[in-house]
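Novice: File model_30.txt below, compact mmCIF, C-alpha atoms:
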# COMPACT_ATOMS: atom_id res chain seq x y z
CA MET A 1 26.34 -27.91 0.79
CA GLY A 2 24.01 -28.21 -2.17
CA PHE A 3 26.96 -27.95 -4.54
CA TYR A 4 28.74 -30.91 -2.97
CA SER A 5 25.52 -32.91 -2.93
CA SER A 6 24.96 -32.26 -6.64
CA HIS A 7 28.62 -33.03 -7.38
CA ASP A 8 28.45 -36.33 -5.49
CA GLU A 9 25.23 -37.26 -7.30
CA SER A 10 26.82 -36.57 -10.70
CA TYR A 11 29.88 -38.61 -9.73
CA THR A 12 27.67 -41.53 -8.64
CA ASP A 13 25.62 -41.38 -11.85
CA ASN A 14 28.76 -41.28 -13.98
CA LEU A 15 30.21 -44.24 -12.11
CA ILE A 16 27.02 -46.25 -12.63
CA GLY A 17 26.91 -45.37 -16.34
CA THR A 18 30.60 -46.19 -16.82
CA LEU A 19 30.31 -49.56 -15.10
CA LEU A 20 27.17 -50.40 -17.09
CA ALA A 21 28.93 -49.52 -20.36
CA ILE A 22 31.99 -51.63 -19.49
CA PHE A 23 29.79 -54.53 -18.42
CA GLY A 24 27.63 -54.23 -21.56
CA ASN A 25 30.56 -54.13 -23.98
CA PHE A 26 32.19 -57.04 -22.18
CA LEU A 27 29.02 -59.15 -22.48
CA VAL A 28 28.55 -58.23 -26.15
CA SER A 29 32.08 -59.33 -27.03
CA ILE A 30 31.59 -62.63 -25.20
CA SER A 31 28.23 -63.22 -26.88
CA LEU A 32 29.64 -62.60 -30.35
CA SER A 33 32.49 -65.03 -29.66
CA ILE A 34 29.99 -67.67 -28.49
CA GLN A 35 27.87 -67.19 -31.62
CA LYS A 36 30.95 -67.40 -33.83
CA TYR A 37 31.96 -70.60 -32.06
CA SER A 38 28.46 -71.97 -32.68
CA HIS A 39 28.65 -71.18 -36.41
CA VAL A 40 32.10 -72.76 -36.72
CA THR A 41 30.98 -75.89 -34.86
CA LEU A 42 27.86 -76.33 -36.99
CA ALA A 43 29.79 -75.75 -40.21
CA GLY A 44 32.08 -78.68 -39.35
CA ARG A 45 29.23 -81.16 -38.97
CA LYS A 46 27.57 -83.23 -41.61
CA ASP A 47 23.98 -82.65 -40.46
CA GLN A 48 24.30 -78.87 -41.12
CA ARG A 49 21.55 -77.79 -38.73
CA THR A 50 20.35 -74.25 -38.87
CA PHE A 51 22.16 -72.07 -36.36
CA TYR A 52 19.04 -71.05 -34.43
CA HIS A 53 18.55 -74.66 -33.35
CA ALA A 54 21.84 -74.58 -31.42
CA LYS A 55 21.80 -73.83 -27.69
CA THR A 56 25.17 -72.06 -27.87
CA TRP A 57 23.84 -69.62 -30.46
CA TRP A 58 20.82 -68.79 -28.30
CA CYS A 59 23.08 -68.37 -25.29
CA GLY A 60 25.10 -65.82 -27.26
CA PHE A 61 21.91 -64.10 -28.39
CA VAL A 62 20.64 -63.73 -24.82
CA LEU A 63 23.99 -62.32 -23.69
CA THR A 64 23.87 -59.85 -26.61
CA CYS A 65 20.46 -58.61 -25.50
CA ILE A 66 21.63 -58.18 -21.91
CA GLY A 67 24.81 -56.41 -22.98
CA GLU A 68 23.05 -54.03 -25.36
CA SER A 69 20.44 -53.28 -22.69
CA ALA A 70 23.23 -52.35 -20.27
CA ASN A 71 24.79 -50.11 -22.92
CA PHE A 72 21.41 -48.48 -23.55
CA VAL A 73 20.84 -47.71 -19.87
CA SER A 74 24.40 -46.42 -19.43
CA TYR A 75 23.60 -43.45 -21.72
CA ALA A 76 21.04 -42.23 -19.17
CA PHE A 77 23.68 -41.93 -16.41
CA ALA A 78 27.06 -41.12 -17.99
CA PRO A 79 28.02 -38.47 -20.59
CA LEU A 80 28.39 -39.46 -24.24
CA ALA A 81 32.06 -38.51 -24.07
CA VAL A 82 32.62 -41.33 -21.57
CA VAL A 83 30.28 -44.01 -22.90
CA ALA A 84 31.17 -43.79 -26.62
CA PRO A 85 34.94 -44.50 -26.35
CA LEU A 86 34.24 -47.47 -24.08
CA ASN A 87 33.50 -49.53 -27.20
CA ALA A 88 37.24 -50.19 -27.07
CA VAL A 89 36.47 -52.60 -24.22
CA SER A 90 34.52 -54.77 -26.66
CA VAL A 91 37.41 -54.77 -29.16
CA LEU A 92 39.90 -55.57 -26.40
CA THR A 93 37.83 -58.44 -24.99
CA SER A 94 37.13 -59.90 -28.45
CA SER A 95 40.82 -59.86 -29.29
CA ILE A 96 41.73 -61.67 -26.07
CA LEU A 97 38.94 -64.23 -26.52
CA GLY A 98 40.17 -64.83 -30.06
CA PHE A 99 43.27 -66.43 -28.55
CA LEU A 100 41.81 -68.07 -25.45
CA PHE A 101 38.25 -69.09 -26.28
CA LEU A 102 38.16 -69.59 -30.05
CA ARG A 103 41.75 -70.79 -30.30
CA GLU A 104 42.41 -69.07 -33.58
CA LYS A 105 45.29 -70.82 -35.29
CA SER A 106 48.36 -69.16 -36.75
CA LYS A 107 51.80 -70.26 -37.77
CA PRO A 108 54.47 -69.96 -35.07
CA LYS A 109 56.57 -67.41 -36.95
CA GLU A 110 53.59 -65.16 -37.69
CA PHE A 111 52.34 -65.50 -34.12
CA ALA A 112 55.72 -64.44 -32.71
CA LYS A 113 55.91 -61.55 -35.17
CA HIS A 114 52.50 -60.04 -34.40
CA TYR A 115 52.02 -61.01 -30.77
CA GLY A 116 54.16 -58.17 -29.43
CA LEU A 117 52.20 -55.43 -31.15
CA ILE A 118 48.88 -56.93 -30.07
CA ILE A 119 49.99 -57.06 -26.43
CA LEU A 120 51.20 -53.47 -26.76
CA GLY A 121 47.75 -52.58 -28.08
CA TYR A 122 46.20 -54.18 -24.98
CA PHE A 123 48.24 -52.01 -22.61
CA ILE A 124 47.77 -48.82 -24.66
CA THR A 125 44.00 -49.34 -24.83
CA SER A 126 43.78 -50.05 -21.09
CA GLY A 127 45.82 -46.94 -20.26
CA GLY A 128 43.80 -44.78 -22.62
CA THR A 129 40.54 -46.06 -21.13
CA TYR A 130 41.73 -45.15 -17.65
CA LEU A 131 42.67 -41.64 -18.77
CA PHE A 132 39.47 -40.68 -20.58
CA VAL A 133 37.28 -42.19 -17.84
CA SER A 134 39.22 -40.40 -15.08
CA PHE A 135 39.44 -37.01 -16.83
CA GLY A 136 36.20 -37.16 -18.80
CA PRO A 137 33.33 -34.74 -18.17
CA ASN A 138 31.65 -35.19 -14.81
CA SER A 139 28.59 -33.08 -15.52
CA HIS A 140 25.20 -34.74 -15.69
CA GLU A 141 21.68 -33.43 -16.01
CA LYS A 142 18.30 -35.08 -15.73
CA LEU A 143 17.06 -35.41 -19.31
CA GLN A 144 13.51 -34.27 -18.91
CA ALA A 145 11.50 -33.48 -22.03
CA GLU A 146 11.77 -29.71 -21.41
CA ASN A 147 15.57 -29.90 -21.19
CA ILE A 148 15.84 -31.88 -24.44
CA VAL A 149 13.62 -29.40 -26.30
CA ARG A 150 15.72 -26.53 -24.95
CA HIS A 151 18.86 -28.20 -26.27
CA ILE A 152 17.36 -28.80 -29.72
CA VAL A 153 16.21 -25.23 -30.33
CA GLY A 154 19.60 -23.77 -29.39
CA TRP A 155 21.49 -22.27 -32.31
CA PRO A 156 24.67 -24.42 -31.78
CA VAL A 157 22.60 -27.60 -32.16
CA LEU A 158 20.68 -26.27 -35.16
CA LEU A 159 23.93 -25.24 -36.88
CA TYR A 160 25.49 -28.61 -36.06
CA LEU A 161 22.50 -30.52 -37.46
CA LEU A 162 22.51 -28.37 -40.59
CA LEU A 163 26.20 -29.08 -41.23
CA GLU A 164 25.63 -32.79 -40.62
CA ILE A 165 22.72 -32.90 -43.09
CA ILE A 166 24.75 -31.11 -45.79
CA MET A 167 27.75 -33.38 -45.25
CA PHE A 168 25.58 -36.49 -45.25
CA CYS A 169 23.84 -35.50 -48.50
CA LEU A 170 27.17 -34.81 -50.22
CA LEU A 171 28.65 -38.12 -49.12
CA LEU A 172 25.50 -39.98 -50.11
CA TYR A 173 25.59 -38.35 -53.54
CA PHE A 174 29.18 -39.44 -54.16
CA TYR A 175 28.45 -42.92 -52.79
CA LYS A 176 25.30 -43.53 -54.84
CA GLN A 177 25.80 -41.50 -58.02
CA ARG A 178 29.59 -41.41 -58.39
CA ARG A 179 30.10 -44.97 -57.11
CA ALA A 180 32.65 -43.74 -54.55
CA ASN A 181 32.83 -46.99 -52.57
CA TYR A 182 35.81 -45.82 -50.54
CA LEU A 183 36.03 -47.01 -46.97
CA VAL A 184 36.25 -43.50 -45.53
CA VAL A 185 33.15 -42.37 -47.46
CA ILE A 186 31.01 -45.27 -46.20
CA LEU A 187 32.22 -45.05 -42.63
CA LEU A 188 31.71 -41.29 -42.57
CA LEU A 189 28.08 -41.99 -43.44
CA VAL A 190 27.99 -44.51 -40.59
CA ALA A 191 29.58 -42.03 -38.16
CA LEU A 192 27.18 -39.22 -39.11
CA LEU A 193 24.22 -41.51 -38.52
CA GLY A 194 25.91 -42.75 -35.35
CA SER A 195 26.07 -39.22 -33.92
CA VAL A 196 22.30 -38.95 -34.39
CA THR A 197 21.92 -42.38 -32.81
CA VAL A 198 23.81 -41.54 -29.63
CA ILE A 199 21.95 -38.22 -29.23
CA THR A 200 18.56 -39.91 -29.52
CA VAL A 201 19.57 -42.97 -27.48
CA LYS A 202 20.68 -40.76 -24.59
CA ALA A 203 17.42 -38.80 -24.76
CA VAL A 204 15.19 -41.88 -24.95
CA SER A 205 17.14 -43.72 -22.27
CA GLY A 206 17.10 -40.72 -19.95
CA MET A 207 13.35 -40.20 -20.30
CA LEU A 208 12.67 -43.91 -19.75
CA VAL A 209 14.73 -43.92 -16.56
CA LEU A 210 12.88 -40.85 -15.27
CA THR A 211 9.58 -42.53 -16.11
CA ILE A 212 10.57 -45.63 -14.15
CA GLU A 213 11.52 -43.37 -11.22
CA GLY A 214 8.00 -41.91 -11.27
CA ASN A 215 8.41 -38.79 -13.41
CA MET A 216 6.32 -39.57 -16.52
CA GLN A 217 8.04 -38.45 -19.74
CA LEU A 218 6.55 -40.78 -22.37
CA ASP A 219 3.52 -38.61 -23.10
CA TYR A 220 5.66 -35.74 -24.45
CA PRO A 221 5.87 -35.50 -28.28
CA ILE A 222 9.66 -35.15 -28.11
CA PHE A 223 9.91 -38.73 -26.83
CA SER A 224 8.15 -40.09 -29.94
CA VAL A 225 10.32 -37.93 -32.21
CA MET A 226 13.52 -39.11 -30.55
CA PHE A 227 12.41 -42.75 -30.59
CA VAL A 228 11.61 -42.70 -34.34
CA CYS A 229 14.90 -40.97 -35.14
CA MET A 230 16.75 -43.52 -33.02
CA VAL A 231 15.25 -46.52 -34.81
CA ALA A 232 15.72 -45.02 -38.29
CA SER A 233 19.35 -44.04 -37.67
CA VAL A 234 20.19 -47.48 -36.25
CA VAL A 235 18.67 -49.27 -39.27
CA PHE A 236 20.48 -47.16 -41.87
CA GLN A 237 23.69 -47.20 -39.88
CA ALA A 238 23.67 -51.01 -39.83
CA ARG A 239 22.97 -51.07 -43.57
CA PHE A 240 25.94 -48.87 -44.46
CA LEU A 241 28.18 -50.76 -42.06
CA SER A 242 27.20 -54.04 -43.71
CA GLN A 243 28.13 -52.60 -47.12
CA ALA A 244 31.52 -51.54 -45.75
CA CYS A 245 32.21 -55.05 -44.44
CA LYS A 246 31.34 -56.55 -47.83
CA LEU A 247 33.63 -54.23 -49.78
CA HIS A 248 36.59 -53.92 -47.40
CA ASP A 249 38.59 -55.89 -44.86
CA SER A 250 36.63 -56.34 -41.64
CA SER A 251 39.60 -55.57 -39.37
CA LEU A 252 40.20 -52.25 -41.10
CA VAL A 253 36.48 -51.48 -40.96
CA MET A 254 36.47 -52.18 -37.22
CA SER A 255 39.33 -49.82 -36.35
CA VAL A 256 38.35 -46.96 -38.67
CA ASN A 257 34.69 -47.19 -37.67
CA TYR A 258 35.62 -47.06 -33.98
CA ILE A 259 37.73 -43.93 -34.49
CA LEU A 260 35.23 -42.02 -36.64
CA SER A 261 32.16 -43.03 -34.63
CA THR A 262 33.82 -42.07 -31.34
CA VAL A 263 34.93 -38.67 -32.67
CA PHE A 264 31.47 -37.80 -33.98
CA ALA A 265 29.77 -39.09 -30.81
CA VAL A 266 32.01 -36.97 -28.57
CA VAL A 267 31.43 -33.88 -30.73
CA ALA A 268 27.67 -34.53 -30.65
CA GLY A 269 27.74 -34.76 -26.86
CA ALA A 270 29.77 -31.58 -26.58
CA VAL A 271 27.43 -29.62 -28.88
CA PHE A 272 24.03 -31.08 -27.98
CA TYR A 273 24.41 -31.77 -24.25
CA LEU A 274 27.19 -29.21 -23.50
CA GLU A 275 29.26 -31.86 -21.73
CA PHE A 276 32.57 -29.97 -21.75
CA ASN A 277 31.28 -26.53 -20.78
CA LYS A 278 32.39 -26.69 -17.14
CA GLU A 279 35.56 -28.72 -17.66
CA GLU A 280 39.08 -27.39 -17.16
CA VAL A 281 41.59 -27.26 -19.99
CA LEU A 282 43.89 -29.78 -18.31
CA ASN A 283 41.08 -32.32 -17.96
CA ILE A 284 40.10 -31.86 -21.61
CA CYS A 285 43.72 -32.36 -22.74
CA MET A 286 44.09 -35.52 -20.66
CA TYR A 287 40.77 -36.78 -22.00
CA VAL A 288 41.91 -36.20 -25.60
CA LEU A 289 45.19 -37.98 -24.83
CA GLY A 290 43.33 -40.99 -23.45
CA SER A 291 41.06 -41.14 -26.50
CA LEU A 292 44.05 -40.97 -28.85
CA LEU A 293 45.72 -43.80 -26.95
CA CYS A 294 42.57 -45.88 -27.35
CA PHE A 295 42.54 -45.17 -31.08
CA LEU A 296 46.15 -46.32 -31.35
CA GLY A 297 45.53 -49.41 -29.23
CA VAL A 298 42.51 -50.50 -31.28
CA PHE A 299 44.48 -49.96 -34.49
CA LEU A 300 47.34 -52.15 -33.22
CA MET A 301 44.95 -54.88 -32.09
CA THR A 302 43.16 -55.03 -35.45
CA LYS A 303 45.88 -54.32 -38.01
CA ASN A 304 47.73 -57.59 -37.35
CA ARG A 305 44.75 -59.85 -37.88
CA LYS A 306 45.54 -62.37 -40.56
CA LYS A 307 43.45 -62.06 -43.69
CA PRO A 308 41.81 -65.34 -44.71
CA LYS A 309 43.19 -66.92 -47.84
CA ILE A 310 40.78 -67.42 -50.67
CA PHE A 311 40.35 -71.13 -51.42
CA GLU A 312 40.00 -71.72 -55.16
CA PRO A 313 39.74 -75.48 -55.74
CA TYR A 314 39.74 -77.35 -59.02
CA VAL A 315 39.27 -81.08 -59.42
CA SER A 316 41.41 -83.42 -61.54
CA MET A 317 41.43 -87.21 -61.85
CA ASP A 318 44.35 -89.35 -60.77
CA MET A 319 44.26 -91.90 -63.61
CA SER A 320 46.37 -94.47 -61.79
CA ASN A 321 43.89 -94.86 -58.90
CA GLY A 322 40.69 -93.41 -60.34
CA VAL A 323 40.38 -91.09 -57.30
CA PRO A 324 39.51 -87.41 -57.74
CA THR A 325 42.08 -85.00 -56.32
CA ILE A 326 41.36 -81.44 -55.20
CA HIS A 327 44.02 -78.84 -55.92
CA ASP A 328 44.45 -75.46 -54.32
CA LYS A 329 47.03 -73.48 -56.33
CA GLY A 330 49.13 -76.51 -57.00
CA SER A 331 48.92 -78.34 -53.67
CA ALA A 332 46.89 -81.53 -53.81
CA VAL A 333 44.31 -82.23 -51.14
CA GLN A 334 42.68 -85.64 -50.93
CA PRO A 335 38.98 -85.75 -49.99
CA ASP A 336 37.57 -87.97 -47.27
CA PHE A 337 37.32 -91.54 -48.59
CA ASN A 338 34.65 -93.71 -47.01
CA GLY A 339 33.84 -96.26 -49.71
CA SER A 340 31.82 -93.88 -51.87
CA PHE A 341 33.47 -90.93 -53.58
CA SER A 342 31.55 -88.33 -51.58
CA TYR A 343 33.29 -85.18 -50.49
CA GLY A 344 33.48 -84.27 -46.84
CA THR A 345 34.50 -80.83 -45.61
CA LEU A 346 37.89 -79.27 -45.96
CA VAL A 347 39.19 -77.38 -42.94
CA ASN A 348 41.29 -74.33 -43.73
CA ASN A 349 44.34 -74.33 -41.49
CA ASP A 350 44.17 -70.57 -41.14
CA GLY A 351 41.37 -70.76 -38.63
CA VAL A 352 38.62 -70.11 -41.15
CA ALA A 353 35.41 -72.05 -40.76
CA PRO A 354 35.27 -75.26 -42.78
CA ALA A 355 33.32 -74.90 -45.97
CA PRO A 356 31.52 -77.70 -47.84
CA LEU A 357 32.70 -78.31 -51.35
CA PRO A 358 30.40 -77.38 -54.24
CA ALA A 359 30.52 -80.78 -55.88
CA ASN A 360 29.05 -83.93 -54.41
CA LEU A 361 30.05 -87.05 -56.32
CA GLU A 362 28.04 -90.10 -55.24
CA GLN A 363 28.63 -92.43 -58.20
CA PRO A 364 31.77 -94.55 -58.44
CA VAL A 365 34.30 -93.24 -60.88
CA VAL A 366 35.23 -95.48 -63.80
CA SER A 367 38.76 -95.00 -65.02
CA SER A 368 39.61 -94.81 -68.69
CA ARG A 369 41.68 -97.98 -68.51
CA THR A 370 38.67 -99.99 -67.30
CA ALA A 371 36.53 -98.55 -70.06
CA ASP A 372 39.13 -99.48 -72.68
CA ALA A 373 39.37 -103.03 -71.32
CA SER A 374 35.59 -103.51 -71.47
CA ALA A 375 35.47 -102.24 -75.04
CA GLY A 376 38.25 -104.70 -76.01
CA GLN A 377 36.33 -107.67 -74.52
CA ARG A 378 33.20 -106.74 -76.50
CA ASP A 379 35.26 -106.59 -79.72
CA ARG A 380 36.65 -110.11 -79.08
CA LYS A 381 33.12 -111.51 -78.52
CA LYS A 382 31.97 -110.06 -81.84
CA ASP A 383 34.96 -111.66 -83.63
Have the structure of the file written as structure tokens, please.
Specialist:
Amino acid sequence: MGFYSSHDESYTDNLIGTLLAIFGNFLVSISLSIQKYSHVTLAGRKDQRTFYHAKTWWCGFVLTCIGESANFVSYAFAPLAVVAPLNAVSVLTSSILGFLFLREKSKPKEFAKHYGLIILGYFITSGGTYLFVSFGPNSHEKLQAENIVRHIVGWPVLLYLLLEIIMFCLLLYFYKQRRANYLVVILLLVALLGSVTVITVKAVSGMLVLTIEGNMQLDYPIFSVMFVCMVASVVFQARFLSQACKLHDSSLVMSVNYILSTVFAVVAGAVFYLEFNKEEVLNICMYVLGSLLCFLGVFLMTKNRKKPKIFEPYVSMDMSNGVPTIHDKGSAVQPDFNGSFSYGTLVNNDGVAPAPLPANLEQPVVSSRTADASAGQRDRKKD
């Protein structure tokens, strides 16, 4: 009787954690789309207000906080092997909102060419999510301070942390000293830090939930240690991820980072919290299959994103009209004409946010013909 009671409690906790993770990732994807919409809208205006004055941006920020809070709490209820791959929900929702909410533009031929693979990615990701949630580990333990300390001092965890530290130092050496700015190198650093993040987040979240339930855990030293490690790993992880986005295509960074971070998070949960110890081989195989399907689905959803074209303008003068003309690789683009030769904003038809031009001509342009005529009149007066 006690076995069934414990099993039902674990199932209920896992269900709560899974639903919280899905809800959190869904809110985060919506909030990021709202903030992107706010930036695009402000960039198209002439007043150029700062983004934090916009209500839409603050709405997105509040939704981000709520979503990340739900993700944080989900680690206290569900295993890492279930929560970590659910980041695919955020990628899936963002991809759908890219068509519906932001109305990203694309040429009809390119849209027809890539739409099929993106839809296939939607179905593959949904199927993979169902598999790894259904066959994922169902074990759950109350993360009291004594349990966390017992996990840390175990030799599998110590060996795992030692290997991670060695690998991280080697990658950091090649990245800093050898200038190995390869995408895999940077994202491996992110994934290694991410494995530490999920371990500490689960510990901190679990102890906070127990404290709210009445079992005080915040006065144990292990809570402070885990909290400091969590904050430090998140900060450095965000820094490396920002470097990766600057050096490489963001769509490729998204898919590769999801794959590597999920793999390291699942391994960390299996080693640190022993999440797969009581699972059957068939369940583990189905879980791996679901995770691989999610990897494939995320790759299909992100690989067909159109890369923005680099706009390289140069300005020449149309001598017949005295009007400056902006060229982009041979195609002429006329600026907004409103009586004074001031440039407006050019909207890239590829869906990229409008960017203000670097030059701002406020004085009327005097053509060379007019200048020659004035010089001729002065010569006649002197004669």
Novice: Enter the distance from CA of Asn25 (chain A) to CA of Glu68 (chain A), in Å, rounded to one decimal.
Specialist: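 We find that CA of Asn25 (chain A) and CA of Glu68 (chain A) lie 7.6 Å from each other.
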Novice: Applying 12 Å and only C-alpha atoms, which residues near Val228 (chain A) remain after dropping the ones on its own chain fewer than 2 positions away? List them as a CSV table (one decimal) with C-alpha atoms, in the frame of the given file.
Specialist:
chain,number,residue,atom,x,y,z
A,196,VAL,CA,22.3,-39.0,-34.4
A,197,THR,CA,21.9,-42.4,-32.8
A,200,THR,CA,18.6,-39.9,-29.5
A,201,VAL,CA,19.6,-43.0,-27.5
A,203,ALA,CA,17.4,-38.8,-24.8
A,204,VAL,CA,15.2,-41.9,-25.0
A,221,PRO,CA,5.9,-35.5,-28.3
A,222,ILE,CA,9.7,-35.2,-28.1
A,223,PHE,CA,9.9,-38.7,-26.8
A,224,SER,CA,8.2,-40.1,-29.9
A,225,VAL,CA,10.3,-37.9,-32.2
A,226,MET,CA,13.5,-39.1,-30.6
A,230,MET,CA,16.8,-43.5,-33.0
A,231,VAL,CA,15.2,-46.5,-34.8
A,232,ALA,CA,15.7,-45.0,-38.3
A,233,SER,CA,19.4,-44.0,-37.7
A,234,VAL,CA,20.2,-47.5,-36.2
A,235,VAL,CA,18.7,-49.3,-39.3
Novice: As an exercise, work out the distance from CA of Gly290 (chain A) to CA of Ser126 (chain A) in Å and give it to one decimal place.
Specialist: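 Going from CA of Gly290 (chain A) over to CA of Ser126 (chain A), I get 9.4 Å.
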Novice: By how many Å are CA of Tyr273 (chain A) and CA of Cys285 (chain A) apart?
Specialist: 19.4 Å
Novice: Taking (41.1, -48.3, -19.8) in the coordinates of the supplied file, I want to know which residues reach to within 10 Å of it, counting all atoms listed in the file; could you give the answer as a ChimeraX atom specification?
Specialist: /A:22,85-86,88-89,92,122-134,290-291,293-294
Novice: Env of region 29-39 of chain A: 9 Å cut, atoms = all atoms listed in the file, seq-sep filter 3 positions within chain, self excluded. Answer as a ChimeraX atom specification.
Specialist: /A:24-26,42-44,51,54-64,67,89-94,97-98,101-102,353
